[in-house]
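File shown: data_1.txt. Contents: compact mmCIF, C-alpha atoms.
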# COMPACT_ATOMS: atom_id res chain seq x y z
CA MET A 244 6.85 34.80 22.45
CA LYS A 245 8.39 35.42 25.91
CA THR A 246 4.95 36.24 27.31
CA MET A 247 3.50 33.00 25.94
CA ILE A 248 6.34 30.95 27.44
CA LEU A 249 5.95 32.66 30.82
CA LEU A 250 2.19 32.08 30.89
CA PHE A 251 2.73 28.46 29.90
CA LEU A 252 5.25 27.89 32.74
CA LEU A 253 2.96 29.60 35.27
CA LEU A 254 0.04 27.41 34.20
CA ILE A 255 2.18 24.29 34.53
CA GLY A 256 3.19 25.38 38.02
CA GLU A 257 -0.39 26.01 39.12
CA MET A 258 -1.57 22.67 37.75
CA THR A 259 1.31 20.88 39.51
CA VAL A 260 0.40 22.42 42.88
CA PHE A 261 -3.26 21.51 42.35
CA ALA A 262 -2.39 17.97 41.31
CA GLN A 263 -0.08 17.40 44.28
CA ALA A 264 -2.76 18.68 46.68
CA ALA A 265 -5.28 16.30 45.14
CA ASP A 266 -2.83 13.43 45.46
CA ASP A 267 -2.24 14.22 49.13
CA THR A 268 -6.00 14.30 49.75
CA HIS A 269 -6.60 10.95 48.06
CA HIS A 270 -3.50 9.24 49.45
CA LYS A 271 -5.18 8.47 52.78
CA HIS A 272 -7.73 6.35 50.92
CA LYS A 273 -4.89 4.16 49.54
CA ALA A 274 -6.33 4.30 46.05
CA THR A 275 -4.05 2.91 43.35
CA PRO A 276 -3.89 3.62 39.60
CA PRO A 277 -3.51 0.91 36.90
CA TRP A 278 -0.49 -1.45 37.00
CA TYR A 279 1.40 0.36 34.22
CA VAL A 280 1.69 3.58 36.25
CA ASP A 281 5.19 3.89 37.80
CA ARG A 282 7.29 6.71 39.21
CA PHE A 283 9.69 6.78 36.23
CA ARG A 284 9.44 5.18 32.80
CA ILE A 285 12.00 5.22 29.98
CA SER A 286 10.92 4.01 26.54
CA ALA A 287 12.91 3.42 23.35
CA GLY A 288 11.99 1.85 20.03
CA PHE A 289 11.43 2.47 16.35
CA PHE A 290 8.72 4.16 14.32
CA ILE A 291 7.76 3.66 10.65
CA PRO A 292 5.92 6.80 9.49
CA PHE A 293 4.15 7.00 6.13
CA ASN A 294 4.54 10.61 5.00
CA HIS A 295 2.64 13.07 2.86
CA THR A 296 4.58 16.32 2.55
CA SER A 297 4.15 19.49 0.51
CA ILE A 298 5.98 22.80 0.66
CA SER A 299 6.19 26.09 -1.20
CA VAL A 300 9.05 28.53 -0.61
CA GLY A 301 9.12 31.96 -2.23
CA ASN A 302 10.91 35.14 -1.22
CA THR A 303 9.93 38.49 0.18
CA ALA A 304 10.81 40.16 -3.14
CA GLY A 305 7.60 38.70 -4.56
CA THR A 306 8.72 35.41 -6.12
CA ARG A 307 6.05 32.82 -5.46
CA GLY A 308 7.18 29.30 -4.73
CA THR A 309 5.81 26.23 -6.50
CA GLU A 310 3.69 23.89 -4.41
CA ILE A 311 5.99 20.84 -4.23
CA SER A 312 4.92 17.35 -3.22
CA PHE A 313 7.99 15.58 -1.89
CA GLU A 314 6.56 12.20 -2.79
CA ASN A 315 5.26 13.07 -6.29
CA THR A 316 7.48 15.96 -7.46
CA LEU A 317 10.79 14.96 -5.86
CA GLY A 318 10.48 11.18 -5.85
CA TYR A 319 10.57 10.54 -2.10
CA ASN A 320 9.58 7.19 -0.66
CA THR A 321 6.40 7.47 1.37
CA ALA A 322 7.72 5.32 4.20
CA SER A 323 10.69 6.18 6.40
CA TYR A 324 12.24 4.79 9.58
CA THR A 325 13.23 6.52 12.78
CA PHE A 326 14.20 6.01 16.43
CA LEU A 327 11.86 7.24 19.14
CA GLY A 328 12.43 7.88 22.82
CA ASP A 329 10.23 8.96 25.71
CA PHE A 330 10.65 9.68 29.41
CA GLN A 331 7.74 9.87 31.87
CA TRP A 332 7.73 11.04 35.47
CA ARG A 333 4.71 10.47 37.68
CA ALA A 334 4.91 13.17 40.32
CA GLY A 335 1.81 11.72 41.97
CA ARG A 336 -1.02 9.30 41.36
CA ARG A 337 -2.77 11.80 39.08
CA SER A 338 0.10 13.95 37.86
CA ARG A 339 2.47 13.06 34.97
CA PHE A 340 5.17 14.75 32.93
CA ASP A 341 6.29 13.46 29.52
CA LEU A 342 9.33 14.29 27.42
CA GLY A 343 9.71 12.73 23.97
CA TYR A 344 11.93 13.02 20.91
CA TYR A 345 12.19 11.61 17.43
CA ARG A 346 13.95 12.60 14.23
CA ILE A 347 13.01 11.95 10.62
CA GLN A 348 15.68 12.35 7.93
CA ARG A 349 14.75 12.00 4.27
CA ASN A 350 16.59 12.68 1.02
CA SER A 351 16.22 11.98 -2.68
CA ALA A 352 17.79 12.40 -6.13
CA HIS A 353 15.28 12.95 -8.91
CA VAL A 354 14.81 14.37 -12.43
CA LEU A 355 12.11 17.04 -12.57
CA ASP A 356 9.17 16.61 -14.93
CA ARG A 357 8.18 20.30 -14.67
CA ASP A 358 9.62 23.69 -13.72
CA VAL A 359 9.87 24.22 -9.96
CA THR A 360 10.43 27.54 -8.19
CA PHE A 361 11.98 27.13 -4.75
CA GLY A 362 13.52 30.03 -2.85
CA ASP A 363 15.46 32.32 -5.17
CA HIS A 364 15.69 29.97 -8.17
CA THR A 365 13.51 28.23 -10.72
CA TYR A 366 14.66 24.67 -11.42
CA PRO A 367 13.79 23.75 -15.03
CA VAL A 368 12.15 20.61 -16.34
CA ASP A 369 14.62 17.74 -16.90
CA ALA A 370 17.04 19.16 -14.32
CA GLY A 371 18.48 16.60 -11.94
CA VAL A 372 17.99 17.68 -8.35
CA THR A 373 19.01 16.41 -4.96
CA SER A 374 16.97 17.37 -1.92
CA PHE A 375 16.64 16.74 1.80
CA PHE A 376 13.91 17.10 4.40
CA ASN A 377 15.12 16.74 8.00
CA THR A 378 12.97 17.21 11.08
CA ASP A 379 13.58 17.05 14.82
CA ILE A 380 10.49 16.87 17.00
CA TYR A 381 10.65 17.45 20.75
CA ARG A 382 7.55 17.01 22.82
CA PHE A 383 6.88 18.08 26.43
CA SER A 384 3.57 17.78 28.25
CA TYR A 385 1.93 17.78 31.63
CA GLY A 386 -1.15 15.65 32.28
CA TYR A 387 -3.61 15.51 35.14
CA ALA A 388 -5.86 12.48 35.65
CA LEU A 389 -9.45 13.49 36.34
CA LEU A 390 -10.22 9.78 36.66
CA SER A 391 -7.79 7.47 38.46
CA LYS A 392 -8.98 3.95 39.24
CA PRO A 393 -7.20 0.60 39.65
CA LYS A 394 -8.06 -0.37 36.06
CA ALA A 395 -8.56 2.94 34.25
CA GLU A 396 -7.45 6.56 34.13
CA ALA A 397 -8.33 9.56 31.98
CA GLY A 398 -7.41 13.19 32.05
CA ILE A 399 -6.41 16.43 30.35
CA MET A 400 -2.99 17.53 29.15
CA ILE A 401 -1.15 20.67 28.11
CA GLY A 402 2.20 20.79 26.40
CA ALA A 403 4.13 21.72 23.30
CA HIS A 404 5.73 20.19 20.23
CA ILE A 405 8.92 21.97 19.20
CA ILE A 406 9.51 21.23 15.53
CA LYS A 407 12.81 21.98 13.81
CA VAL A 408 12.66 21.70 10.01
CA ASP A 409 15.49 21.93 7.46
CA VAL A 410 14.73 21.65 3.74
CA GLY A 411 17.13 21.96 0.81
CA LEU A 412 17.07 21.66 -2.98
CA ALA A 413 20.05 21.62 -5.36
CA GLY A 414 20.10 21.29 -9.15
CA TYR A 415 23.14 19.49 -10.52
CA ALA A 416 22.63 18.84 -14.24
CA ASN A 417 20.47 19.33 -17.32
CA SER A 418 21.02 19.88 -21.03
CA ALA A 419 21.84 23.55 -20.42
CA GLY A 420 24.24 22.90 -17.55
CA PHE A 421 21.91 24.41 -14.93
CA ALA A 422 23.21 24.51 -11.33
CA ALA A 423 21.71 26.18 -8.24
CA SER A 424 20.89 25.47 -4.61
CA ASP A 425 18.48 26.81 -2.00
CA SER A 426 17.71 25.93 1.61
CA TYR A 427 15.01 26.87 4.08
CA GLY A 428 14.52 26.09 7.75
CA PHE A 429 12.68 27.16 10.88
CA THR A 430 11.99 26.13 14.46
CA ALA A 431 8.34 26.30 15.49
CA PRO A 432 7.19 25.94 19.11
CA LEU A 433 3.59 24.74 18.83
CA PRO A 434 1.68 24.49 22.15
CA ASP A 435 -1.13 21.96 22.28
CA ILE A 436 -3.87 20.76 24.60
CA GLY A 437 -5.59 17.40 24.65
CA ILE A 438 -7.03 14.41 26.45
CA TRP A 439 -5.44 11.09 27.39
CA GLY A 440 -6.39 7.84 29.07
CA GLY A 441 -5.65 4.20 29.63
CA TYR A 442 -7.34 0.93 30.55
CA ALA A 443 -5.74 -2.17 32.09
CA PHE A 444 -7.99 -4.90 30.74
CA ALA A 445 -5.88 -7.77 32.14
CA PRO A 446 -3.13 -8.20 34.77
CA ARG A 447 -0.41 -7.88 32.09
CA TRP A 448 -2.25 -6.06 29.29
CA ALA A 449 -3.31 -2.43 28.88
CA VAL A 450 -4.30 0.05 26.18
CA THR A 451 -3.42 3.77 26.34
CA GLY A 452 -3.99 6.71 24.03
CA GLU A 453 -4.13 10.48 23.62
CA VAL A 454 -5.16 13.19 21.17
CA SER A 455 -4.10 16.85 21.12
CA TYR A 456 -4.70 19.95 19.00
CA PHE A 457 -3.78 23.62 18.85
CA SER A 458 -3.62 26.52 16.39
CA LEU A 459 -1.49 29.57 17.10
CA ASN A 460 0.09 32.65 15.51
CA ILE A 461 3.36 33.82 17.12
CA ASP A 462 5.48 36.56 15.55
CA ASN A 463 6.31 35.35 12.02
CA ILE A 464 5.07 31.77 12.50
CA ASP A 465 1.48 30.64 11.98
CA GLY A 466 1.00 26.99 12.91
CA ARG A 467 -1.58 24.29 13.51
CA ILE A 468 -0.98 20.84 14.96
CA ILE A 469 -3.08 17.69 15.40
CA ALA A 470 -1.54 14.61 17.03
CA ALA A 471 -2.92 11.30 18.25
CA ASN A 472 -1.66 7.86 19.22
CA VAL A 473 -2.91 4.58 20.64
CA GLN A 474 -0.77 1.84 22.22
CA VAL A 475 -1.24 -1.70 23.44
CA MET A 476 1.12 -2.61 26.28
CA TYR A 477 2.22 -6.00 27.62
CA ARG A 478 4.16 -6.44 30.87
CA VAL A 479 6.91 -9.02 30.32
CA VAL A 480 8.26 -8.88 33.87
CA GLN A 481 7.67 -6.54 36.81
CA ARG A 482 9.72 -3.62 35.44
CA LEU A 483 9.82 -4.36 31.71
CA SER A 484 6.99 -3.82 29.21
CA VAL A 485 6.75 -3.93 25.44
CA THR A 486 4.40 -1.75 23.42
CA ALA A 487 2.90 -1.79 19.93
CA GLY A 488 1.33 1.47 18.82
CA TYR A 489 0.01 3.60 16.01
CA THR A 490 0.67 7.35 15.72
CA GLY A 491 -0.85 10.07 13.56
CA PHE A 492 0.61 13.59 13.30
CA ASN A 493 -0.36 16.53 11.09
CA PHE A 494 0.84 20.08 11.11
CA LYS A 495 0.70 23.16 8.91
CA VAL A 496 3.18 26.01 9.29
CA ASP A 497 3.58 29.34 7.52
CA ALA A 498 6.92 30.91 8.45
CA THR A 499 8.99 33.83 7.22
CA LYS A 500 12.74 33.46 7.75
CA LYS A 501 15.15 36.12 6.50
CA ASN A 502 14.10 36.78 2.88
CA LEU A 503 12.15 33.52 2.41
CA VAL A 504 8.45 32.86 2.87
CA GLY A 505 7.47 29.22 3.35
CA HIS A 506 4.27 27.22 3.60
CA LEU A 507 4.65 23.62 4.80
CA VAL A 508 1.99 20.95 5.20
CA TRP A 509 3.27 17.67 6.62
CA GLY A 510 1.52 14.65 7.98
CA PHE A 511 2.53 11.13 8.84
CA ASN A 512 1.05 8.08 10.43
CA GLY A 513 2.33 4.60 11.08
CA PRO A 514 3.14 1.80 13.53
CA SER A 515 5.75 1.75 16.27
CA MET A 516 7.35 -0.79 18.60
CA SER A 517 9.11 0.05 21.84
CA ALA A 518 10.34 -1.34 25.14
CA THR A 519 9.79 0.40 28.47
CA TRP A 520 11.77 0.09 31.69
CA SER A 521 10.21 1.48 34.87
CA PHE A 522 11.94 2.29 38.15
CA GLY A 523 11.55 4.23 41.38
CA ASN A 524 9.22 3.83 44.33
CA LYS A 525 5.58 4.50 43.59
CA PRO A 526 4.49 7.89 45.01
CA TRP A 527 1.22 6.61 46.54
Here is the file; what I need is its structure written in the form of structure tokens.
Amino acid sequence: MKTMILLFLLLIGEMTVFAQAADDTHHKHKATPPWYVDRFRISAGFFIPFNHTSISVGNTAGTRGTEISFENTLGYNTASYTFLGDFQWRAGRRSRFDLGYYRIQRNSAHVLDRDVTFGDHTYPVDAGVTSFFNTDIYRFSYGYALLSKPKAEAGIMIGAHIIKVDVGLAGYANSAGFAASDSYGFTAPLPDIGIWGGYAFAPRWAVTGEVSYFSLNIDNIDGRIIAANVQVMYRVVQRLSVTAGYTGFNFKVDATKKNLVGHLVWGFNGPSMSATWSFGNKPW
């Protein structure tokens, strides 16, 4: 793990030096990127993801967990609502850093229609159960624009999604007076690589997007991630823009924590709305 982090930081450093040198070379030509590129950008808004989630949690003693669909087995609503935030720093005309965060909290109370094994217990049919599924997703990336024109840009990116997951299940009543509770959680750093781009098709309008992917096995965590989004941006005034977008995110993680062995498959996609304030002198 430490070796992977060190290599990642070294690669980021090398790419930053290369990007800054390229910016210095092109600066004398007074080339400019699209209008939506600013030194600093802060975005905030809301996101409505439509989820499909399944998990199985057994233990290292050999108990195999039941494959549980949160939406079908535990009665979760497919749609949820969350805040999203993002910060972008343009170190140069071609070089950008992004830091993002959003959290999804879900819970449900439901009566089981079949036996469910989760963790160290088997929850019987007709048992009432409460459950929660909480996730924090942090995203950091560095991007370098291979193409940087007044109306369009496109490039490559490298980064990581750090995903913190907490899941819990508790039985509270059935005809036999059953009661039990189990919880499972992990934090998975999932590096990813991808491509990104944007096109300013009018003085106040632009479309941007990106897609990234990676699969990795680190210590006791085996993960795969696929993420993509597309956004349409409108500049209201010089420093203020509003954005409508659509995001898709899928990941699969196998993780062993203490005496529990978990397999989680989670995906969501949905629309978002946000406002962006830009500031700082342009670095070109």
Please report, as AutoDock Vina command-line options, the centre and edge lengths in Å to one decimal of an axis-aligned box covering all listed atoms of stretch 463-481 of chain A with 4 Å per side.
--center_x 2.6 --center_y 13.2 --center_z 24.4 --size_x 19.3 --size_y 52.4 --size_z 32.8
*For atom CA of A:Ala304 and atom CA of A:Ala413, quote the distance in Å rounded to one decimal.*
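These two atoms are separated by 20.8 Å.
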*asked:* Let me make sure I understand: among A:Lys500, A:Lys392, A:His364, A:Arg447, which one has the smallest atom-to-atom distance to A:Val408 if we use all atoms listed in the file?
replied: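 Among the listed residues, A:Lys500 lies closest to A:Val408.
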*To one decimal place, how far is atom CA of A:Pro277 from atom CA of A:Leu342 in Å?*
20.8 Å
*Taking into account only C-alpha atoms, which residue in the set A:Trp527, A:Trp520, A:Phe494, A:Tyr442 is nearest to A:Ala287?*
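Ranking A:Trp527, A:Trp520, A:Phe494, A:Tyr442 by distance to A:Ala287, first place goes to A:Trp520.
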*Can you pull out every residue within 6 Å of A:Phe457, counting only C-alpha atoms, but drop anything in the same chain fewer than 2 positions away, and send it as JSON, numbers by chain?*
{"A": [435, 467, 468]}
_Under the rule that all atoms listed in the file are counted, which of A:Pro276, A:Gly411, A:Gly488, A:Gly288 is the nearest residue to A:Asn350?_
A:Gly411
List the neighbours of A:Ala518 out to 8 Å using all atoms listed in the file; skip same-chain residues closer than 5 positions along the sequence, and give me the result as a JSON list (two decimals) with C-alpha atoms, in the frame of the given file.
[["chain", "number", "residue", "atom", "x", "y", "z"],
["A", 286, "SER", "CA", 10.92, 4.01, 26.54],
["A", 287, "ALA", "CA", 12.91, 3.42, 23.35],
["A", 288, "GLY", "CA", 11.99, 1.85, 20.03],
["A", 483, "LEU", "CA", 9.82, -4.36, 31.71],
["A", 484, "SER", "CA", 6.99, -3.82, 29.21],
["A", 485, "VAL", "CA", 6.75, -3.93, 25.44],
["A", 486, "THR", "CA", 4.40, -1.75, 23.42]]
*Please measure the separation of atom CA of A:Pro393 and atom CA of A:Thr275, giving the value in Å to one decimal.*
5.4 Å
*With only C-alpha atoms as the atoms that count, which of A:Gly523, A:Gly437, A:Pro514, A:Pro446 lies nearest to A:Gln474?*
A:Pro514
*Nearest-residue call for A:Tyr477, choices A:Gly510, A:Trp278, A:Asp369, A:Tyr319, using only C-alpha atoms*: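 The closest residue to A:Tyr477 is A:Trp278.
Near A:Val410, within 8 Å and counting only C-alpha atoms, sit Ser374, Phe375, Phe376, Asn377, Val408, Leu412, Ser426, Tyr427 and Gly428 of chain A, not including residues fewer than 2 positions from it in the same chain.
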*Check the smallest atom-to-atom distance from each of A:Arg307, A:Arg333, A:His404, A:Lys501 to A:Arg282 using only C-alpha atoms, then report the winner.*
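Under the stated criterion, the closest residue is A:Arg333.
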_For a cutoff of 12 Å around the file-coordinate point (13.1, 7.7, 18.8), which residues qualify once you count only C-alpha atoms? I'd like the result as a list in words._
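Checking each residue against the 12 Å limit leaves Ile285, Ser286, Ala287, Gly288, Phe289, Phe290, Ile291, Pro292, Tyr324, Thr325, Phe326, Leu327, Gly328, Asp329, Phe330, Leu342, Gly343, Tyr344, Tyr345, Arg346, Ile347, Asp379, Ile380, Tyr381, Arg382, Ser515, Met516, Ser517 and Ala518 of chain A.
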Would you mind listing what lies within 6 Å of A:Asn512 as a PDB file with C-alpha atoms, in the frame of the given file, with all atoms listed in the file counted and same-chain residues fewer than 3 positions away left out?
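Written output follows (result37.pdb):
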ATOM      1  CA  PRO A 292       5.920   6.800   9.490  1.00  0.00           C
ATOM      2  CA  PHE A 293       4.150   7.000   6.130  1.00  0.00           C
ATOM      3  CA  THR A 490       0.670   7.350  15.720  1.00  0.00           C
ATOM      4  CA  GLY A 491      -0.850  10.070  13.560  1.00  0.00           C
TER       5      GLY A 491
END
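The neighbours of A:Ile298 here are the residues that come within 6 Å of it, using only C-alpha atoms and leaving out any residue fewer than 2 positions away in the same chain; they are Glu310, Ile311, His506 and Leu507 of chain A.
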